[in-house]
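A.B. asks: Mind having a look at this structure? Questions to follow.
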Amino acid sequence: MTTALGELTSRLAAALAVRRQGHGYRSRTETGPAAAPHIRVADRDYINFASNDYLGLSTHPHVVRAFRDAAAEYGVGAGASHLVTGHRRPHGELERALAALCGTPRALLFSTGYMANLGLVSTLCPRTGVVMEDRLNHASLLDAAALSAGRLVRYRHADADDLGRRLAAAGGGPRIVVTDGVFSMDGDIAPLPDLLAVARQHGAILLVDDAHAFGVLGASGAGTCDHFGIDPADRPIVMGTLGKAFGVFGAFVAGPESLVESLIQQARSYIYTTALPPAVAAAALAAVGLMQAEPGRRAHLHHLIRHLRAGARRRGLDFVDSQTPIQPFIVGGDARALALAEALRLEGFWVTAIRPPTVPKGTARLRVTLSAAHTTAAVDAFLDALEGATHASGD
Ligand SMILES: *Cc1c(COP(=O)(O)O)cnc(C)c1O
């Protein structure tokens with residue numbers, strides 16, 4: 001007799017086998033303790049070119065100490081959601097520091113960027129609304145639109161003219177335009193001034209997911225708006241994360257008082273979940289402080305970006321055009337991307353092959369990311385290894 005569970009497991013196993021054959025199988029690697037930019041896998045150390053720890057802060061002693069001290073004082077867990085008794089002093093301190101960094105009246109912490117996007121888009125978009133999204137937006141933004149009461153319309157990547165046409169065609173009702181500030185798989189920067197102008201012309205709100213830009217772009221590290229020098233009065237609503245350049249965990253939305261208060265009232269991904277551990281907030285506050293006090297980290301990161309690009313050009317290695325720490329090397333086929341990543345591992349470099357459906361079919365890539373913890377010598381050695389591996393694989 002076949003049971004429902006038996007049928008389910010054989011159906012799942014068959015689907016997994018198909019996925020494995022198509023080189024689309026995803027698996028995790030359990031990594032050991034190591035300080036940035038290293039990663040330890042099965043007792044071997046690699047230089048990690050596959051992390052979002054852009055400033056190398058995740059293992060910084062000040063950040064670690066802030067975490068440990070706050071855990072000793074506040075305990076590990078927040079104990080409740082923010083609206084019950086989970087909103088602790090380190091959360092408030094971090095929110096005030098983030099608002100100051102962004103030049104906005106308020107900032108609101110969320111447990112993750114994924115949840116911040118869900119809460120933000122749902123709160124901003126009523127049933128009669130339309131959510132306009134860049135085709136290459138992060139999955140969490142597309143999910144956020146799907147879960148909202150509004151209708152999702154996708155516009156051509158980084159194309160303000162296409163956005164304008166679609167806004168004109170969308171008719172009345174509230175419209176919100178949503179874009180990554182730095183696109184997570186390509187590393188390019190959204191044309192914010194153009195998007196802002198088009199949004200304004202059509203009376204639409206602009207929302208920017210700056211997960212990969214905070215701490216990285218702009219004179220003060222305040223992200224894409226800072227990079228373009230956008231006047232504080234014209235700034236879009238911004239979501240940022242604390243798990244990338246800040247090396248910790250969590251996310252925030254920065255904006256006007258009424259927006260933050262509305263999110264507190266309405267955003268289900270804010271209300272119905274345990275607050276982030278207060279020690280995480282304390283560690284993030286330390287990381288934000290280091291980012292501001294030590295602009296040399298960001299300067300070194302941008303030096304490494306230029307160094308990698310110049311070195312790649314000299315070696316005939318074709319990276320996607322990007323001015324950010326995300327430096328994709330398009331390979332094409334899924335199997336070839338996996339083989340190249342494996343060849344680099346043998347040389348002591350850890351990179352991740354990114355395959356469809358995370359990126360469009362036929363554009364499997366090595367998503368190389370740089371960190372201020374890297375040295376120029378490590379970047380040179382990596383490029384040498386990549387050059388060797390591409391030749392060995394028949395380029
Ligand atoms: C990582 C990322 C998120 C999700 O943030 P988490 O805090 O990791 O949930 C959202 N948007 C973009 C563009 C990201 O890169």
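Going through the structure tokens in order, the chains are called A, B, and so on, while each chain numbers its residues from 1 and the ligands are numbered from 1 in the order shown.
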Need to verify the contact set: A:Tyr25, 12 Å, only C-alpha atoms, exclusion of same-chain residues closer than 2 positions in sequence. Can you return it as JSON, numbers by chain?

C.D. replies: {"A": [15, 16, 17, 18, 19, 20, 21, 22, 23, 27, 28, 334, 335, 338, 353, 354, 355, 356, 357]}

A.B. asks: Would you list the contacts of A:Pro191 as a PyMOL selection string, taking every protein, DNA or RNA residue within 12 Å and counting only C-alpha atoms, but skipping same-chain residues closer than 5 positions in sequence?

C.D. replies: chain A and resi 134+157-161+163+179-183+196-198+208+224-225+227-228+230

A.B. asks: Write out as a ChimeraX atom specification each polymer residue (protein, DNA or RNA) that has an atom no more than 6 Å from ligand 1, with only C-alpha atoms and all ligand atoms counted.

C.D. replies: /A:112-114,138,140,180,184,209,211-212,241,243,250-251

A.B. asks: Give the strand (DSSP E or B) residues of stretch 333-379 of chain A, as DSSP finds them on the backbone, and put them as a list in words.

C.D. replies: Phe349, Trp350, Thr352, Ala353, Ile354, Ala364, Arg365, Leu366, Arg367, Val368 and Thr369 of chain A

A.B. asks: A:Met185, A:His300, A:Arg40, A:Arg165: which is nearest A:Thr358, counting only C-alpha atoms?

C.D. replies: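 Of all the options, A:Met185 lies closest to A:Thr358.
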
A.B. asks: Write out as a ChimeraX atom specification the residues lying within 9 Å of stretch 286-295 of chain A, counting only C-alpha atoms and excluding same-chain residues fewer than 3 positions away.

C.D. replies: /A:55,57-58,60,62-64,66-67,94,97-98,101,215,219-221,242,245-248,281-283,298-300

A.B. asks: Restricting it to N, CA, C and O atoms, dump the selection as a compact mmCIF listing (two decimals), in the first residue's frame.

C.D. replies:
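Output saved as part15.txt:
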```txt
# COMPACT_ATOMS: atom_id res chain seq x y z
N LEU A 55 33.54 44.90 3.84
CA LEU A 55 34.53 45.70 4.58
C LEU A 55 35.36 44.83 5.52
O LEU A 55 36.18 45.34 6.28
N LEU A 57 34.31 43.26 8.14
CA LEU A 57 33.97 43.57 9.54
C LEU A 57 33.39 42.38 10.31
O LEU A 57 33.27 42.45 11.53
N SER A 58 33.04 41.30 9.62
CA SER A 58 32.32 40.22 10.31
C SER A 58 33.15 39.58 11.42
O SER A 58 32.60 39.04 12.38
N HIS A 60 35.81 41.38 12.84
CA HIS A 60 36.61 42.46 13.46
C HIS A 60 36.49 42.38 14.99
O HIS A 60 35.39 42.25 15.53
N HIS A 62 36.47 44.53 17.39
CA HIS A 62 35.54 45.47 18.05
C HIS A 62 34.10 45.02 17.90
O HIS A 62 33.28 45.18 18.80
N VAL A 63 33.80 44.49 16.72
CA VAL A 63 32.43 44.04 16.46
C VAL A 63 32.13 42.80 17.30
O VAL A 63 31.08 42.69 17.93
N VAL A 64 33.11 41.91 17.36
CA VAL A 64 32.94 40.68 18.15
C VAL A 64 32.80 41.04 19.63
O VAL A 64 31.94 40.49 20.34
N ALA A 66 31.69 43.86 20.94
CA ALA A 66 30.39 44.52 21.18
C ALA A 66 29.29 43.46 21.31
O ALA A 66 28.40 43.56 22.16
N PHE A 67 29.40 42.44 20.46
CA PHE A 67 28.42 41.35 20.47
C PHE A 67 28.48 40.60 21.81
O PHE A 67 27.47 40.39 22.48
N LEU A 94 20.83 51.66 17.67
CA LEU A 94 21.19 51.36 16.28
C LEU A 94 20.25 52.10 15.32
O LEU A 94 20.71 52.67 14.31
N ALA A 97 21.37 55.65 15.04
CA ALA A 97 22.62 55.78 14.29
C ALA A 97 22.37 55.62 12.79
O ALA A 97 22.97 56.32 11.96
N LEU A 98 21.48 54.70 12.43
CA LEU A 98 21.19 54.46 11.01
C LEU A 98 20.44 55.64 10.40
O LEU A 98 20.70 56.03 9.26
N LEU A 101 23.00 58.22 9.75
CA LEU A 101 23.82 57.87 8.58
C LEU A 101 23.07 58.18 7.29
O LEU A 101 23.64 58.67 6.32
N GLY A 215 27.77 51.17 3.17
CA GLY A 215 29.13 50.91 3.60
C GLY A 215 30.11 50.83 2.45
O GLY A 215 31.32 50.84 2.65
N ALA A 219 30.55 58.96 -0.48
CA ALA A 219 31.67 59.53 0.28
C ALA A 219 31.58 59.11 1.74
O ALA A 219 32.60 58.85 2.38
N SER A 220 30.36 59.03 2.30
CA SER A 220 30.26 58.64 3.71
C SER A 220 29.74 57.22 3.87
O SER A 220 29.35 56.81 4.96
N GLY A 221 29.70 56.45 2.78
CA GLY A 221 29.29 55.06 2.88
C GLY A 221 27.79 54.88 3.02
O GLY A 221 27.32 53.81 3.37
N LEU A 242 22.26 44.74 7.16
CA LEU A 242 23.39 44.80 8.09
C LEU A 242 24.27 43.55 7.96
O LEU A 242 25.29 43.43 8.62
N ALA A 245 27.98 44.62 3.94
CA ALA A 245 29.19 45.38 4.28
C ALA A 245 29.38 45.55 5.79
O ALA A 245 30.50 45.68 6.25
N PHE A 246 28.29 45.53 6.56
CA PHE A 246 28.46 45.71 8.00
C PHE A 246 28.85 44.40 8.69
O PHE A 246 29.18 44.40 9.88
N GLY A 247 28.76 43.32 7.97
CA GLY A 247 29.28 42.05 8.47
C GLY A 247 28.50 41.42 9.61
O GLY A 247 29.00 40.53 10.30
N VAL A 248 27.26 41.86 9.86
CA VAL A 248 26.53 41.35 11.03
C VAL A 248 25.28 40.60 10.56
O VAL A 248 25.40 39.53 9.95
N ALA A 281 22.23 43.78 17.39
CA ALA A 281 22.11 45.23 17.17
C ALA A 281 23.35 45.95 17.69
O ALA A 281 23.87 46.88 17.04
N ALA A 282 23.86 45.53 18.85
CA ALA A 282 25.06 46.17 19.41
C ALA A 282 26.26 45.95 18.49
O ALA A 282 27.07 46.86 18.27
N ALA A 283 26.38 44.74 17.93
CA ALA A 283 27.49 44.46 17.01
C ALA A 283 27.35 45.30 15.74
O ALA A 283 28.34 45.84 15.23
N ARG A 298 36.91 51.52 3.00
CA ARG A 298 36.16 51.68 1.74
C ARG A 298 37.12 52.09 0.62
O ARG A 298 37.01 51.63 -0.51
N ALA A 299 38.09 52.98 0.96
CA ALA A 299 39.05 53.42 -0.06
C ALA A 299 39.86 52.23 -0.56
O ALA A 299 40.09 52.08 -1.77
N HIS A 300 40.29 51.35 0.34
CA HIS A 300 41.06 50.17 -0.07
C HIS A 300 40.21 49.25 -0.95
O HIS A 300 40.68 48.72 -1.96
```

A.B. asks: Work out how far atom CA of A:Ile39 is from atom CA of A:Thr59, in Å to one decimal.

C.D. replies: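 It comes out at 11.6 Å.
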